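Have a look at model-v2.cif; it's mmCIF, C-alpha atoms:
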data_structure
loop_
_atom_site.label_atom_id
_atom_site.label_comp_id
_atom_site.auth_asym_id
_atom_site.auth_seq_id
_atom_site.Cartn_x
_atom_site.Cartn_y
_atom_site.Cartn_z
CA MET A 67 53.96 -20.18 54.51
CA THR A 68 50.76 -22.15 53.83
CA PRO A 69 49.30 -21.30 50.42
CA PRO A 70 45.76 -19.93 50.32
CA THR A 71 43.07 -22.53 49.72
CA SER A 72 40.11 -20.25 49.04
CA GLY A 73 39.24 -16.66 48.15
CA PHE A 74 40.83 -14.28 45.66
CA ARG A 75 44.37 -15.29 46.66
CA ALA A 76 43.47 -18.88 45.84
CA TYR A 77 42.20 -17.75 42.46
CA VAL A 78 45.53 -15.98 41.81
CA LEU A 79 47.35 -19.22 42.67
CA LEU A 80 45.10 -21.21 40.35
CA TRP A 81 45.49 -18.57 37.62
CA THR A 82 49.28 -18.75 37.88
CA GLY A 83 49.34 -22.44 37.04
CA GLN A 84 46.79 -22.01 34.26
CA PHE A 85 48.74 -19.07 32.82
CA ALA A 86 51.94 -21.13 32.70
CA ALA A 87 50.15 -23.97 30.90
CA LEU A 88 48.42 -21.58 28.49
CA ALA A 89 51.63 -19.71 27.62
CA THR A 90 53.70 -22.83 26.99
CA SER A 91 50.82 -24.37 25.00
CA SER A 92 50.82 -21.28 22.77
CA VAL A 93 54.57 -21.63 22.26
CA SER A 94 54.26 -25.38 21.64
CA SER A 95 51.37 -25.01 19.15
CA PHE A 96 53.18 -22.39 17.09
CA ALA A 97 56.46 -24.32 17.13
CA LEU A 98 54.68 -27.56 16.26
CA GLY A 99 52.99 -25.91 13.28
CA VAL A 100 56.34 -24.63 12.00
CA TYR A 101 57.97 -28.02 12.58
CA CYS A 102 55.21 -29.90 10.73
CA PHE A 103 55.37 -27.49 7.80
CA LEU A 104 59.14 -27.92 7.56
CA GLN A 105 58.74 -31.70 7.68
CA SER A 106 55.90 -31.96 5.15
CA GLY A 107 56.33 -28.81 3.06
CA SER A 108 52.54 -28.71 2.69
CA VAL A 109 50.51 -25.55 3.31
CA THR A 110 47.34 -27.66 3.23
CA SER A 111 48.55 -29.81 6.12
CA LEU A 112 49.31 -26.64 8.06
CA ALA A 113 45.81 -25.26 7.36
CA VAL A 114 44.25 -28.53 8.52
CA LEU A 115 46.38 -28.42 11.67
CA TYR A 116 45.04 -24.96 12.56
CA ALA A 117 41.40 -25.69 11.66
CA LEU A 118 41.19 -29.15 13.23
CA PRO A 119 40.77 -28.03 16.90
CA PHE A 120 37.43 -26.39 16.09
CA VAL A 121 35.79 -29.68 15.12
CA PRO A 122 35.99 -31.61 18.43
CA PHE A 123 35.47 -28.42 20.41
CA LEU A 124 32.13 -27.72 18.75
CA LEU A 125 31.05 -31.37 18.94
CA VAL A 126 32.15 -32.04 22.52
CA ALA A 127 31.38 -28.71 24.20
CA PRO A 128 27.60 -29.34 24.68
CA LEU A 129 28.41 -32.57 26.57
CA ALA A 130 31.48 -31.23 28.38
CA GLY A 131 29.36 -28.62 30.16
CA PRO A 132 27.07 -31.16 31.87
CA LEU A 133 30.18 -33.10 32.96
CA VAL A 134 31.52 -29.96 34.65
CA ASP A 135 28.24 -29.48 36.52
CA ARG A 136 28.19 -33.17 37.58
CA TRP A 137 31.83 -33.57 38.53
CA GLY A 138 32.46 -30.11 39.89
CA ALA A 139 34.91 -27.56 38.47
CA LYS A 140 37.97 -28.94 40.26
CA ARG A 141 37.53 -32.53 39.14
CA ALA A 142 36.87 -31.44 35.55
CA MET A 143 40.02 -29.29 35.56
CA LEU A 144 42.02 -32.16 37.07
CA VAL A 145 40.87 -34.49 34.27
CA SER A 146 41.56 -31.91 31.57
CA THR A 147 44.97 -30.85 32.89
CA THR A 148 46.12 -34.43 33.57
CA GLY A 149 45.03 -35.51 30.10
CA SER A 150 46.81 -32.57 28.47
CA MET A 151 49.97 -33.35 30.44
CA LEU A 152 49.91 -37.01 29.35
CA VAL A 153 49.40 -36.00 25.72
CA ALA A 154 52.36 -33.60 25.90
CA LEU A 155 54.44 -36.29 27.61
CA LEU A 156 53.55 -38.77 24.85
CA MET A 157 54.61 -36.19 22.27
CA THR A 158 57.92 -35.72 24.09
CA VAL A 159 58.58 -39.49 24.07
CA LEU A 160 57.78 -39.72 20.35
CA LEU A 161 60.19 -36.91 19.55
CA TRP A 162 62.99 -38.14 21.80
CA THR A 163 62.77 -41.69 20.39
CA ASP A 164 62.63 -40.50 16.75
CA THR A 165 59.28 -42.21 16.22
CA PHE A 166 57.35 -39.01 15.59
CA ALA A 167 55.37 -38.67 12.35
CA VAL A 168 53.38 -35.70 11.13
CA TRP A 169 50.13 -37.71 10.98
CA GLN A 170 50.35 -38.29 14.74
CA VAL A 171 49.93 -34.56 15.31
CA TYR A 172 46.37 -34.67 13.99
CA PHE A 173 45.38 -37.23 16.62
CA ILE A 174 47.14 -35.23 19.34
CA VAL A 175 45.41 -32.01 18.26
CA LEU A 176 41.99 -33.74 18.34
CA VAL A 177 42.54 -35.07 21.88
CA THR A 178 43.94 -31.76 23.13
CA ALA A 179 41.00 -29.79 21.70
CA THR A 180 38.55 -32.22 23.34
CA LEU A 181 40.23 -31.70 26.71
CA ARG A 182 40.19 -27.95 26.11
CA ALA A 183 36.43 -28.10 25.61
CA LEU A 184 36.22 -29.47 29.16
CA ASP A 185 38.72 -27.04 30.68
CA LEU A 186 37.15 -23.77 29.51
CA PRO A 187 33.70 -24.16 31.15
CA ALA A 188 35.36 -25.70 34.23
CA PHE A 189 37.57 -22.67 34.79
CA GLU A 190 34.67 -20.27 34.26
CA ALA A 191 32.51 -22.30 36.68
CA ALA A 192 35.29 -22.19 39.30
CA LEU A 193 35.74 -18.42 39.13
CA PRO A 194 32.55 -17.29 40.94
CA LEU A 195 33.06 -20.06 43.53
CA LEU A 196 36.40 -18.55 44.55
CA VAL A 197 36.00 -14.84 43.90
CA PRO A 198 33.58 -12.42 45.62
CA PRO A 199 30.98 -10.98 43.21
CA ASP A 200 32.53 -7.50 43.21
CA GLN A 201 35.89 -8.98 42.13
CA ILE A 202 34.56 -11.07 39.21
CA PRO A 203 35.43 -8.45 36.53
CA ARG A 204 38.99 -8.28 37.87
CA ALA A 205 39.35 -12.05 37.85
CA THR A 206 37.89 -12.24 34.33
CA GLY A 207 40.39 -9.60 33.20
CA MET A 208 43.25 -11.68 34.59
CA ARG A 209 42.04 -14.67 32.58
CA MET A 210 41.90 -12.59 29.39
CA LEU A 211 45.29 -11.06 30.19
CA ALA A 212 46.78 -14.55 30.28
CA THR A 213 45.22 -15.28 26.88
CA GLY A 214 46.42 -12.00 25.38
CA VAL A 215 49.97 -12.26 26.70
CA SER A 216 50.17 -15.87 25.51
CA ALA A 217 49.07 -14.80 22.02
CA VAL A 218 51.75 -12.09 21.96
CA VAL A 219 54.71 -14.00 23.36
CA GLY A 220 53.87 -17.42 21.89
CA PRO A 221 55.21 -16.89 18.35
CA VAL A 222 58.15 -14.79 19.57
CA LEU A 223 59.28 -17.31 22.20
CA ALA A 224 58.64 -20.23 19.85
CA GLY A 225 61.10 -18.85 17.31
CA ALA A 226 63.79 -18.26 19.94
CA LEU A 227 63.27 -21.58 21.74
CA LEU A 228 63.33 -23.58 18.50
CA MET A 229 66.88 -22.31 18.03
CA MET A 230 67.87 -22.96 21.66
CA ILE A 231 66.20 -26.23 22.75
CA ASP A 232 64.55 -27.49 19.55
CA ILE A 233 61.02 -28.89 19.34
CA GLU A 234 61.79 -31.69 21.84
CA GLY A 235 62.66 -29.18 24.56
CA ILE A 236 59.60 -27.03 23.84
CA VAL A 237 57.19 -29.97 24.15
CA ALA A 238 58.94 -31.12 27.34
CA LEU A 239 58.55 -27.61 28.74
CA ASN A 240 54.85 -27.82 27.89
CA TRP A 241 54.17 -30.97 29.91
CA LEU A 242 56.19 -29.59 32.82
CA SER A 243 53.92 -26.52 32.82
CA PHE A 244 50.87 -28.81 33.01
CA LEU A 245 52.52 -30.47 36.00
CA LEU A 246 52.81 -27.01 37.62
CA ALA A 247 49.14 -26.34 36.84
CA LEU A 248 48.20 -29.62 38.54
CA GLY A 249 50.21 -28.61 41.61
CA THR A 250 48.48 -25.25 41.97
CA LEU A 251 45.09 -26.88 41.36
CA ALA A 252 45.76 -29.39 44.15
CA LEU A 253 46.41 -26.55 46.62
CA VAL A 254 43.16 -24.72 45.88
CA ARG A 255 39.86 -25.72 47.46
CA ILE A 256 37.03 -25.18 44.98
CA PRO A 257 33.58 -25.75 46.56
CA ARG A 258 31.62 -28.68 45.15
CA LEU A 259 28.01 -27.77 44.48
CA PRO A 260 25.21 -30.35 44.71
CA VAL A 261 23.89 -31.69 41.43
CA LEU A 262 20.38 -30.41 40.77
CA GLU A 263 17.82 -33.18 41.08
CA THR A 264 15.31 -33.97 38.36
CA ALA A 265 11.82 -32.56 38.77
CA SER A 266 10.40 -36.05 39.31
CA GLY A 267 13.14 -37.10 41.70
CA GLY A 268 13.93 -40.08 39.43
CA ALA A 269 17.19 -41.46 38.11
CA ARG A 270 19.96 -39.13 37.07
CA PRO A 271 19.34 -37.85 33.53
CA SER A 272 21.73 -38.53 30.66
CA LEU A 273 24.37 -36.05 29.52
CA LEU A 274 22.18 -35.19 26.54
CA ALA A 275 19.28 -34.47 28.88
CA ASP A 276 21.55 -32.25 30.96
CA ALA A 277 22.65 -30.42 27.82
CA ARG A 278 18.99 -29.91 26.87
CA ALA A 279 18.33 -28.62 30.39
CA GLY A 280 21.06 -26.05 29.85
CA TRP A 281 19.44 -24.94 26.62
CA HIS A 282 15.99 -24.69 28.25
CA TYR A 283 17.56 -22.67 31.06
CA LEU A 284 18.88 -20.16 28.51
CA LYS A 285 15.67 -20.20 26.51
CA ALA A 286 13.75 -19.17 29.62
CA ARG A 287 16.09 -16.17 29.93
CA PRO A 288 15.92 -14.34 26.58
CA GLY A 289 18.39 -11.71 27.76
CA LEU A 290 21.13 -14.35 27.97
CA VAL A 291 20.21 -15.61 24.49
CA SER A 292 20.56 -12.04 23.17
CA LEU A 293 23.91 -11.81 24.94
CA THR A 294 25.05 -14.99 23.16
CA ALA A 295 23.90 -13.47 19.86
CA LEU A 296 26.05 -10.39 20.50
CA LEU A 297 29.05 -12.61 21.20
CA GLY A 298 28.35 -14.63 18.04
CA LEU A 299 28.19 -11.42 16.00
CA MET A 300 31.59 -10.39 17.33
CA SER A 301 32.99 -13.88 16.64
CA PHE A 302 31.76 -13.68 13.05
CA GLY A 303 33.57 -10.36 12.65
CA VAL A 304 36.77 -11.81 14.11
CA GLY A 305 36.59 -14.85 11.81
CA PHE A 306 35.98 -12.66 8.77
CA GLY A 307 38.62 -10.09 9.69
CA GLU A 308 41.41 -12.54 10.58
CA LEU A 309 41.16 -14.12 7.12
CA VAL A 310 40.99 -10.85 5.14
CA LEU A 311 43.65 -8.92 7.06
CA PRO A 312 46.81 -10.81 5.89
CA PRO A 313 46.11 -10.56 2.14
CA LEU A 314 44.99 -6.94 2.59
CA VAL A 315 48.32 -5.93 4.16
CA LEU A 316 50.47 -8.11 1.91
CA ALA A 317 48.82 -6.60 -1.17
CA PHE A 318 50.64 -3.29 -0.59
CA ASP A 319 53.30 -4.11 2.04
CA GLY A 320 55.50 -6.99 3.16
CA ALA A 321 55.64 -9.49 5.97
CA ASP A 322 57.21 -6.87 8.27
CA GLY A 323 54.15 -4.67 7.88
CA LEU A 324 51.82 -7.59 8.61
CA GLY A 325 53.86 -8.51 11.67
CA LEU A 326 53.63 -4.93 12.95
CA VAL A 327 49.86 -4.83 12.47
CA MET A 328 49.33 -8.17 14.22
CA SER A 329 51.61 -7.20 17.12
CA VAL A 330 49.78 -3.91 17.68
CA GLY A 331 46.46 -5.79 17.56
CA ALA A 332 47.68 -8.23 20.21
CA LEU A 333 48.78 -5.23 22.28
CA GLY A 334 45.16 -4.03 22.19
CA MET A 335 44.10 -7.33 23.79
CA VAL A 336 46.72 -6.98 26.50
CA VAL A 337 45.87 -3.34 27.31
CA VAL A 338 42.13 -3.94 27.66
CA SER A 339 42.48 -7.19 29.61
CA GLY A 340 45.05 -5.50 31.86
CA ALA A 341 42.56 -2.70 32.53
CA PHE A 342 39.92 -5.31 33.41
CA SER A 343 42.26 -6.97 35.90
CA ILE A 344 43.11 -3.66 37.60
CA TRP A 345 39.67 -2.01 37.71
CA ASN A 346 36.25 -3.57 38.20
CA TRP A 347 34.65 -2.06 35.13
CA PRO A 348 32.23 -1.47 33.62
CA PRO A 349 29.92 -1.12 36.66
CA PRO A 350 26.87 -3.42 36.60
CA ARG A 351 24.37 -0.74 35.56
CA HIS A 352 26.50 0.13 32.50
CA ARG A 353 27.53 -3.35 31.32
CA ILE A 354 24.97 -3.73 28.54
CA THR A 355 25.46 -0.14 27.38
CA GLY A 356 29.21 -0.74 27.38
CA LEU A 357 28.72 -3.87 25.28
CA LEU A 358 26.67 -2.06 22.65
CA VAL A 359 29.11 0.86 22.48
CA ALA A 360 32.04 -1.58 22.15
CA LEU A 361 30.28 -3.38 19.30
CA PHE A 362 29.68 -0.10 17.46
CA LEU A 363 33.38 0.78 17.92
CA PHE A 364 34.21 -2.74 16.74
CA SER A 365 32.23 -2.02 13.56
CA ALA A 366 33.92 1.36 13.16
CA SER A 367 37.38 -0.21 13.47
CA VAL A 368 36.59 -2.56 10.58
CA VAL A 369 35.59 0.37 8.37
CA LEU A 370 38.65 2.32 9.50
CA ALA A 371 40.91 -0.54 8.40
CA SER A 372 39.46 -0.36 4.89
CA LEU A 373 39.78 3.37 4.21
CA ARG A 374 43.30 3.60 2.77
CA PRO A 375 46.31 1.32 2.13
CA SER A 376 48.35 2.40 5.16
CA VAL A 377 50.13 0.17 7.68
CA THR A 378 49.81 2.88 10.36
CA LEU A 379 46.07 3.21 9.79
CA LEU A 380 45.62 -0.56 9.80
CA ALA A 381 47.63 -0.96 13.00
CA ALA A 382 45.46 1.62 14.77
CA ALA A 383 42.29 -0.03 13.45
CA VAL A 384 43.37 -3.53 14.51
CA PHE A 385 44.37 -2.22 17.96
CA LEU A 386 40.82 -0.88 18.37
CA PHE A 387 39.36 -4.05 16.80
CA MET A 388 41.12 -6.44 19.21
CA GLY A 389 40.63 -4.14 22.20
CA CYS A 390 36.88 -3.99 21.60
CA ALA A 391 36.69 -7.77 21.04
CA THR A 392 38.46 -8.35 24.35
CA PHE A 393 36.14 -5.93 26.14
CA ILE A 394 33.09 -7.68 24.68
CA VAL A 395 34.28 -11.15 25.70
CA GLY A 396 35.21 -9.99 29.20
CA THR A 397 31.93 -8.20 29.78
CA VAL A 398 29.85 -11.13 28.52
CA GLN A 399 31.73 -13.51 30.82
CA THR A 400 31.26 -11.14 33.77
CA VAL A 401 27.51 -10.84 33.19
CA TRP A 402 27.21 -14.59 32.67
CA GLN A 403 28.93 -15.45 35.93
CA ALA A 404 26.83 -12.89 37.78
CA LYS A 405 23.47 -14.01 36.39
CA VAL A 406 23.71 -17.82 36.05
CA GLU A 407 23.31 -20.13 39.05
CA PRO A 408 26.58 -21.93 39.85
CA GLN A 409 25.00 -25.38 39.27
CA MET A 410 24.21 -24.37 35.67
CA LEU A 411 27.41 -22.53 34.79
CA GLY A 412 29.20 -25.50 33.23
CA ARG A 413 26.56 -26.52 30.70
CA THR A 414 25.38 -22.99 29.85
CA THR A 415 28.95 -21.74 29.38
CA ALA A 416 29.77 -24.69 27.14
CA LEU A 417 26.65 -24.05 25.05
CA ARG A 418 27.48 -20.35 24.83
CA ASN A 419 31.03 -21.14 23.70
CA ALA A 420 29.87 -23.61 21.05
CA VAL A 421 27.16 -21.30 19.71
CA SER A 422 29.39 -18.22 19.68
CA MET A 423 32.36 -19.98 18.05
CA THR A 424 30.37 -21.37 15.13
CA PRO A 425 30.00 -17.92 13.48
CA GLN A 426 33.79 -17.59 13.55
CA LEU A 427 34.09 -20.60 11.26
CA VAL A 428 31.29 -19.23 9.07
CA GLY A 429 33.15 -15.91 8.93
CA ASN A 430 36.33 -17.68 7.77
CA LEU A 431 34.50 -19.51 4.98
CA LEU A 432 32.37 -16.57 3.88
CA ALA A 433 35.33 -14.17 3.79
CA GLY A 434 37.28 -16.42 1.45
CA ALA A 435 34.34 -16.90 -0.91
CA LEU A 436 33.33 -13.22 -0.87
CA CYS A 437 36.85 -11.95 -1.56
CA ASP A 438 37.82 -14.51 -4.24
CA TRP A 439 34.55 -14.62 -6.16
CA VAL A 440 32.96 -11.21 -5.62
CA ALA A 441 34.93 -8.33 -4.11
CA VAL A 442 38.35 -8.70 -5.77
CA PRO A 443 36.99 -9.44 -9.29
CA LEU A 444 34.48 -6.60 -8.93
CA VAL A 445 36.94 -3.96 -7.71
CA GLY A 446 40.08 -5.04 -9.57
CA ARG A 447 43.19 -6.81 -8.33
CA ASP A 448 45.82 -4.11 -9.00
CA ARG A 449 43.80 -0.96 -9.56
CA VAL A 450 40.29 0.13 -8.58
CA ARG A 451 38.04 0.37 -11.63
CA SER A 452 35.32 2.54 -10.07
CA GLU A 453 35.92 6.15 -8.96
CA THR A 454 33.16 5.79 -6.36
CA VAL A 455 34.84 2.74 -4.83
CA SER A 456 38.23 4.47 -4.86
CA LEU A 457 36.73 7.32 -2.85
CA LEU A 458 35.61 4.77 -0.24
CA VAL A 459 38.66 2.53 0.04
CA GLY A 460 41.44 4.27 -1.91
CA ASP A 461 43.28 3.01 -4.97
CA GLY A 462 45.94 0.37 -5.49
CA PRO A 463 46.30 -3.40 -5.21
CA GLY A 464 44.10 -5.47 -2.92
CA ARG A 465 41.36 -2.90 -2.42
CA GLY A 466 38.75 -5.60 -3.03
CA TYR A 467 39.68 -6.97 0.37
CA ALA A 468 39.17 -3.48 1.81
CA LEU A 469 35.71 -3.24 0.25
CA SER A 470 34.72 -6.55 1.85
CA LEU A 471 35.79 -5.12 5.23
CA THR A 472 33.67 -2.04 4.62
CA ALA A 473 30.67 -4.27 3.94
CA LEU A 474 31.41 -6.23 7.12
CA GLY A 475 31.59 -3.05 9.23
CA VAL A 476 28.32 -1.68 7.87
CA VAL A 477 26.43 -4.97 8.26
CA THR A 478 27.77 -5.41 11.81
CA ALA A 479 26.72 -1.89 12.82
CA LEU A 480 23.21 -2.40 11.40
CA THR A 481 22.88 -5.75 13.20
CA VAL A 482 23.98 -4.17 16.50
CA ALA A 483 21.38 -1.44 16.00
CA LEU A 484 18.68 -4.11 15.58
CA LEU A 485 19.85 -6.07 18.63
CA ALA A 486 19.97 -2.87 20.68
CA ARG A 487 16.22 -2.52 20.16
CA SER A 488 15.66 -5.69 22.20
CA GLY A 489 14.14 -4.71 25.53
CA ARG A 490 15.21 -8.02 27.06
CA LEU A 491 18.84 -7.20 26.29
CA ARG A 492 18.70 -3.58 27.44
CA HIS A 493 16.95 -4.54 30.69
CA LEU A 494 18.93 -7.70 31.35
CA GLU A 495 20.56 -6.30 34.49
CA GLN A 496 17.17 -5.41 35.98
CA GLU A 497 15.24 -8.53 34.90
CA LEU A 498 17.85 -11.05 36.02
CA PRO A 499 19.18 -10.39 39.53
CA ASP A 500 22.72 -11.41 40.38
CA VAL A 501 22.94 -14.87 41.92
CA THR A 502 24.38 -15.05 45.43
CA GLY A 503 27.70 -16.88 45.31
CA PRO A 504 28.61 -19.42 47.95
CA GLU A 505 31.69 -17.46 49.02
CA HIS A 506 29.57 -15.79 51.75
CA GLN A 507 28.31 -19.07 53.15
CA GLU A 508 29.70 -22.12 54.93
CA LEU A 509 30.72 -24.79 52.45
CA ASP A 510 31.85 -28.29 53.40
CA GLY A 511 32.71 -29.41 49.87
CA VAL A 512 29.44 -31.28 49.48
CA THR A 513 26.67 -28.78 50.04
CA ALA A 514 26.22 -25.20 48.98
CA ALA A 515 23.37 -22.77 49.32
CA ARG A 516 21.57 -22.13 46.08
#
Please express the file's structure as structure tokens.
Amino acid sequence: MTPPTSGFRAYVLLWTGQFAALATSSVSSFALGVYCFLQSGSVTSLAVLYALPFVPFLLVAPLAGPLVDRWGAKRAMLVSTTGSMLVALLMTVLLWTDTFAVWQVYFIVLVTATLRALDLPAFEAALPLLVPPDQIPRATGMRMLATGVSAVVGPVLAGALLMMIDIEGIVALNWLSFLLALGTLALVRIPRLPVLETASGGARPSLLADARAGWHYLKARPGLVSLTALLGLMSFGVGFGELVLPPLVLAFDGADGLGLVMSVGALGMVVVSGAFSIWNWPPPRHRITGLLVALFLFSASVVLASLRPSVTLLAAAVFLFMGCATFIVGTVQTVWQAKVEPQMLGRTTALRNAVSMTPQLVGNLLAGALCDWVAVPLVGRDRVRSETVSLLVGDGPGRGYALSLTALGVVTALTVALLARSGRLRHLEQELPDVTGPEHQELDGVTAAR
């Protein structure tokens, strides 16, 4: 049977290869972190290993977007996937020949993160070229489902596979999955859109000029800028919460309790992304309202997590927290793909990703400083000194972390209330009509109707 080359079935085929690569990359990353820690015995080296991917991603993303728009989504994904496969293959050779050293991982992580900065906007740019507009929420949900499932099964499978096939087998499995992703990509026909000409009809502009054009495109559409601000606010909350949550749980419970809370939170991602992939929701006229409601619930979940030292309460709060975050990301992506012309999707998506991920790093740094220097010394490490504070967050060890979460929830809710007053955001669906995708028109791989 000939595989589909276009349409939703083609997207499913493409998604299958990408899912395999994403899942094995999650397994490989977790296993590699454990392996490096066992080799070096350094927590600092492990922290650097986890933080390092953000640096090239933020630096490269503004230029990766223009490359996607110039090359086309398929070529950009071919470059990214091939590069990732070669990096994984190199890692396999180093391990099998006993020439691997921990310092080499830093270089590999930098290259992989750079390629990832190219792959993300390319996949998002390909989605509306393959999927009818009314199926975009479903397709976006499938993408998030792959991310959520990979986050859940990655650590679990990594532990089991380390015992069965060791780190060499895991890395080999990773490059084989990239080979599968290349095979599915080769079978799918993704339309190639014409590069937009300069206003003067002169020579092709530089990548920096293309990146600036993407920014001017967004600047001329304030509703999309407000949408990016909402996503950045959520990213800040995720960055803050992911740093505070482990010490908060470990202050009154053990590693088992933390594992339970994190697993339930990942389940929230899977449930919401699964719902996206089954139903096309929210409907267009309710997308912005749904976003604002989800952000208020996101804020409420942070406050809920701080009320009392209870693993059950924290698990429920983190389930809501991760579910709302997934809903917000999925809805933003759906609106973006519906409102941005296909020729601009690569560079605007890359800019959005870079801008929205920066607050996550700020949240990480601010959470550490706020907890260590303000909240914990103010509240007390083992017992709460103030009766008023104990009424808010309960008594016992680690309640300074809980108070910092309360502050985060309140500040987030107030910020959402201010953003909700923006008329450009509330009326985004009316002010910016949906772009007409090329799936309804004849495409020969070179031309496409605007």
Selection under test: the PyMOL selection byres ((chain A and resi 187-197) around 8); residues as an NGL selection string: :A and (72-74 or 76-77 or 130-131 or 134 or 138-140 or 142-143 or 183-186 or 198-199 or 201-202 or 205 or 256-257 or 403-404 or 408 or 411-413 or 415-416 or 503-505)
Selection: 12 Å around Pro119 (chain A), all atoms listed in the file, excl. self and same-chain fewer than 6 positions, as a list in words: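 Close residues of Pro119 (chain A): Ser95, Ala113, Leu125, Val126, Ala127, Val171, Tyr172, Phe173, Ile174, Val175, Leu176, Val177, Thr178, Ala179, Thr180, Leu181, Arg182, Ala183, Met423 and Leu427 of chain A.
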Quick one: write out the picked residues with C-alpha atoms as a compact mmCIF listing (two decimals), keeping the file's coordinate frame?
# COMPACT_ATOMS: atom_id res chain seq x y z
CA SER A 95 51.37 -25.01 19.15
CA ALA A 113 45.81 -25.26 7.36
CA LEU A 125 31.05 -31.37 18.94
CA VAL A 126 32.15 -32.04 22.52
CA ALA A 127 31.38 -28.71 24.20
CA VAL A 171 49.93 -34.56 15.31
CA TYR A 172 46.37 -34.67 13.99
CA PHE A 173 45.38 -37.23 16.62
CA ILE A 174 47.14 -35.23 19.34
CA VAL A 175 45.41 -32.01 18.26
CA LEU A 176 41.99 -33.74 18.34
CA VAL A 177 42.54 -35.07 21.88
CA THR A 178 43.94 -31.76 23.13
CA ALA A 179 41.00 -29.79 21.70
CA THR A 180 38.55 -32.22 23.34
CA LEU A 181 40.23 -31.70 26.71
CA ARG A 182 40.19 -27.95 26.11
CA ALA A 183 36.43 -28.10 25.61
CA MET A 423 32.36 -19.98 18.05
CA LEU A 427 34.09 -20.60 11.26
Explicit residue set for the PyMOL selection byres ((chain A and resi 150) around 10), as a PyMOL selection string: chain A and resi 87+91+144-149+151-156+174+177-182+240-241+244-245
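You can rank A:Val476, A:Ile233, A:Leu309, A:Leu293 by their closest distance to His493 (chain A) using only C-alpha atoms, and at the top of that list sits A:Leu293.
Residues in contact with Gly464 (chain A) at up to 6 Å, not including ones fewer than 5 positions away on its chain and judged by all atoms listed in the file, are Leu314, Ala317 and Arg447 of chain A.
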Skip Pro443 (chain A) itself and residues of its chain fewer than 6 positions away, then list as a PDB file with C-alpha atoms, in the coordinates of the input all residues within 12 Å of it, counting all atoms listed in the file.
ATOM      1  CA  ALA A 435      34.340 -16.900  -0.910  1.00  0.00           C
ATOM      2  CA  LEU A 436      33.330 -13.220  -0.870  1.00  0.00           C
ATOM      3  CA  CYS A 437      36.850 -11.950  -1.560  1.00  0.00           C
ATOM      4  CA  ARG A 449      43.800  -0.960  -9.560  1.00  0.00           C
ATOM      5  CA  VAL A 450      40.290   0.130  -8.580  1.00  0.00           C
ATOM      6  CA  ARG A 451      38.040   0.370 -11.630  1.00  0.00           C
ATOM      7  CA  PRO A 463      46.300  -3.400  -5.210  1.00  0.00           C
ATOM      8  CA  GLY A 464      44.100  -5.470  -2.920  1.00  0.00           C
ATOM      9  CA  ARG A 465      41.360  -2.900  -2.420  1.00  0.00           C
ATOM     10  CA  GLY A 466      38.750  -5.600  -3.030  1.00  0.00           C
ATOM     11  CA  TYR A 467      39.680  -6.970   0.370  1.00  0.00           C
ATOM     12  CA  LEU A 469      35.710  -3.240   0.250  1.00  0.00           C
ATOM     13  CA  SER A 470      34.720  -6.550   1.850  1.00  0.00           C
TER      14      SER A 470
END
Shell around Val395 (chain A) at 10 Å using all atoms listed in the file, local window under 4 positions removed, as a list in words: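 After dropping sequence-adjacent residues, the list is Thr206, Gly207, Met210, Leu296, Leu297, Met300, Ser301, Ser339, Leu357, Cys390, Ala391, Gln399 and Thr400 of chain A.
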Keeping only C-alpha atoms, write the selected residues to a file as an mmCIF file, in the frame of the given file.
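Contents of the output file part-v2.cif:
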data_model
loop_
_atom_site.group_PDB
_atom_site.id
_atom_site.type_symbol
_atom_site.label_atom_id
_atom_site.label_comp_id
_atom_site.auth_asym_id
_atom_site.auth_seq_id
_atom_site.Cartn_x
_atom_site.Cartn_y
_atom_site.Cartn_z
ATOM 1 C CA THR A 206 37.890 -12.240 34.330
ATOM 2 C CA GLY A 207 40.390 -9.600 33.200
ATOM 3 C CA MET A 210 41.900 -12.590 29.390
ATOM 4 C CA LEU A 296 26.050 -10.390 20.500
ATOM 5 C CA LEU A 297 29.050 -12.610 21.200
ATOM 6 C CA MET A 300 31.590 -10.390 17.330
ATOM 7 C CA SER A 301 32.990 -13.880 16.640
ATOM 8 C CA SER A 339 42.480 -7.190 29.610
ATOM 9 C CA LEU A 357 28.720 -3.870 25.280
ATOM 10 C CA CYS A 390 36.880 -3.990 21.600
ATOM 11 C CA ALA A 391 36.690 -7.770 21.040
ATOM 12 C CA GLN A 399 31.730 -13.510 30.820
ATOM 13 C CA THR A 400 31.260 -11.140 33.770
#
Point-to-point distance from CA of Pro313 (chain A) to CA of Val337 (chain A), Å rounded to tenths: 26.2 Å
Nearest to Pro312 (chain A) by atom-to-atom distance, counting only C-alpha atoms, from A:Val369, A:Ala468, A:Pro288, A:Leu248: A:Ala468
Residues matched by the PyMOL selection byres ((chain A and resi 280) around 12) as a PyMOL selection string: chain A and resi 128-133+135+262+273-279+281-287+290-291+406-407+409-418
Excluding region 375-389 of chain A and its own-chain neighbours fewer than 4 positions away, which residues fall within 6 Å of it when counting only C-alpha atoms? Please give them as a PDB file with C-alpha atoms, in the frame of the given file.
ATOM      1  CA  VAL A 327      49.860  -4.830  12.470  1.00  0.00           C
ATOM      2  CA  VAL A 330      49.780  -3.910  17.680  1.00  0.00           C
ATOM      3  CA  GLY A 331      46.460  -5.790  17.560  1.00  0.00           C
ATOM      4  CA  GLY A 334      45.160  -4.030  22.190  1.00  0.00           C
ATOM      5  CA  MET A 335      44.100  -7.330  23.790  1.00  0.00           C
ATOM      6  CA  VAL A 338      42.130  -3.940  27.660  1.00  0.00           C
ATOM      7  CA  PHE A 364      34.210  -2.740  16.740  1.00  0.00           C
ATOM      8  CA  SER A 367      37.380  -0.210  13.470  1.00  0.00           C
ATOM      9  CA  LEU A 370      38.650   2.320   9.500  1.00  0.00           C
ATOM     10  CA  ALA A 371      40.910  -0.540   8.400  1.00  0.00           C
TER      11      ALA A 371
END
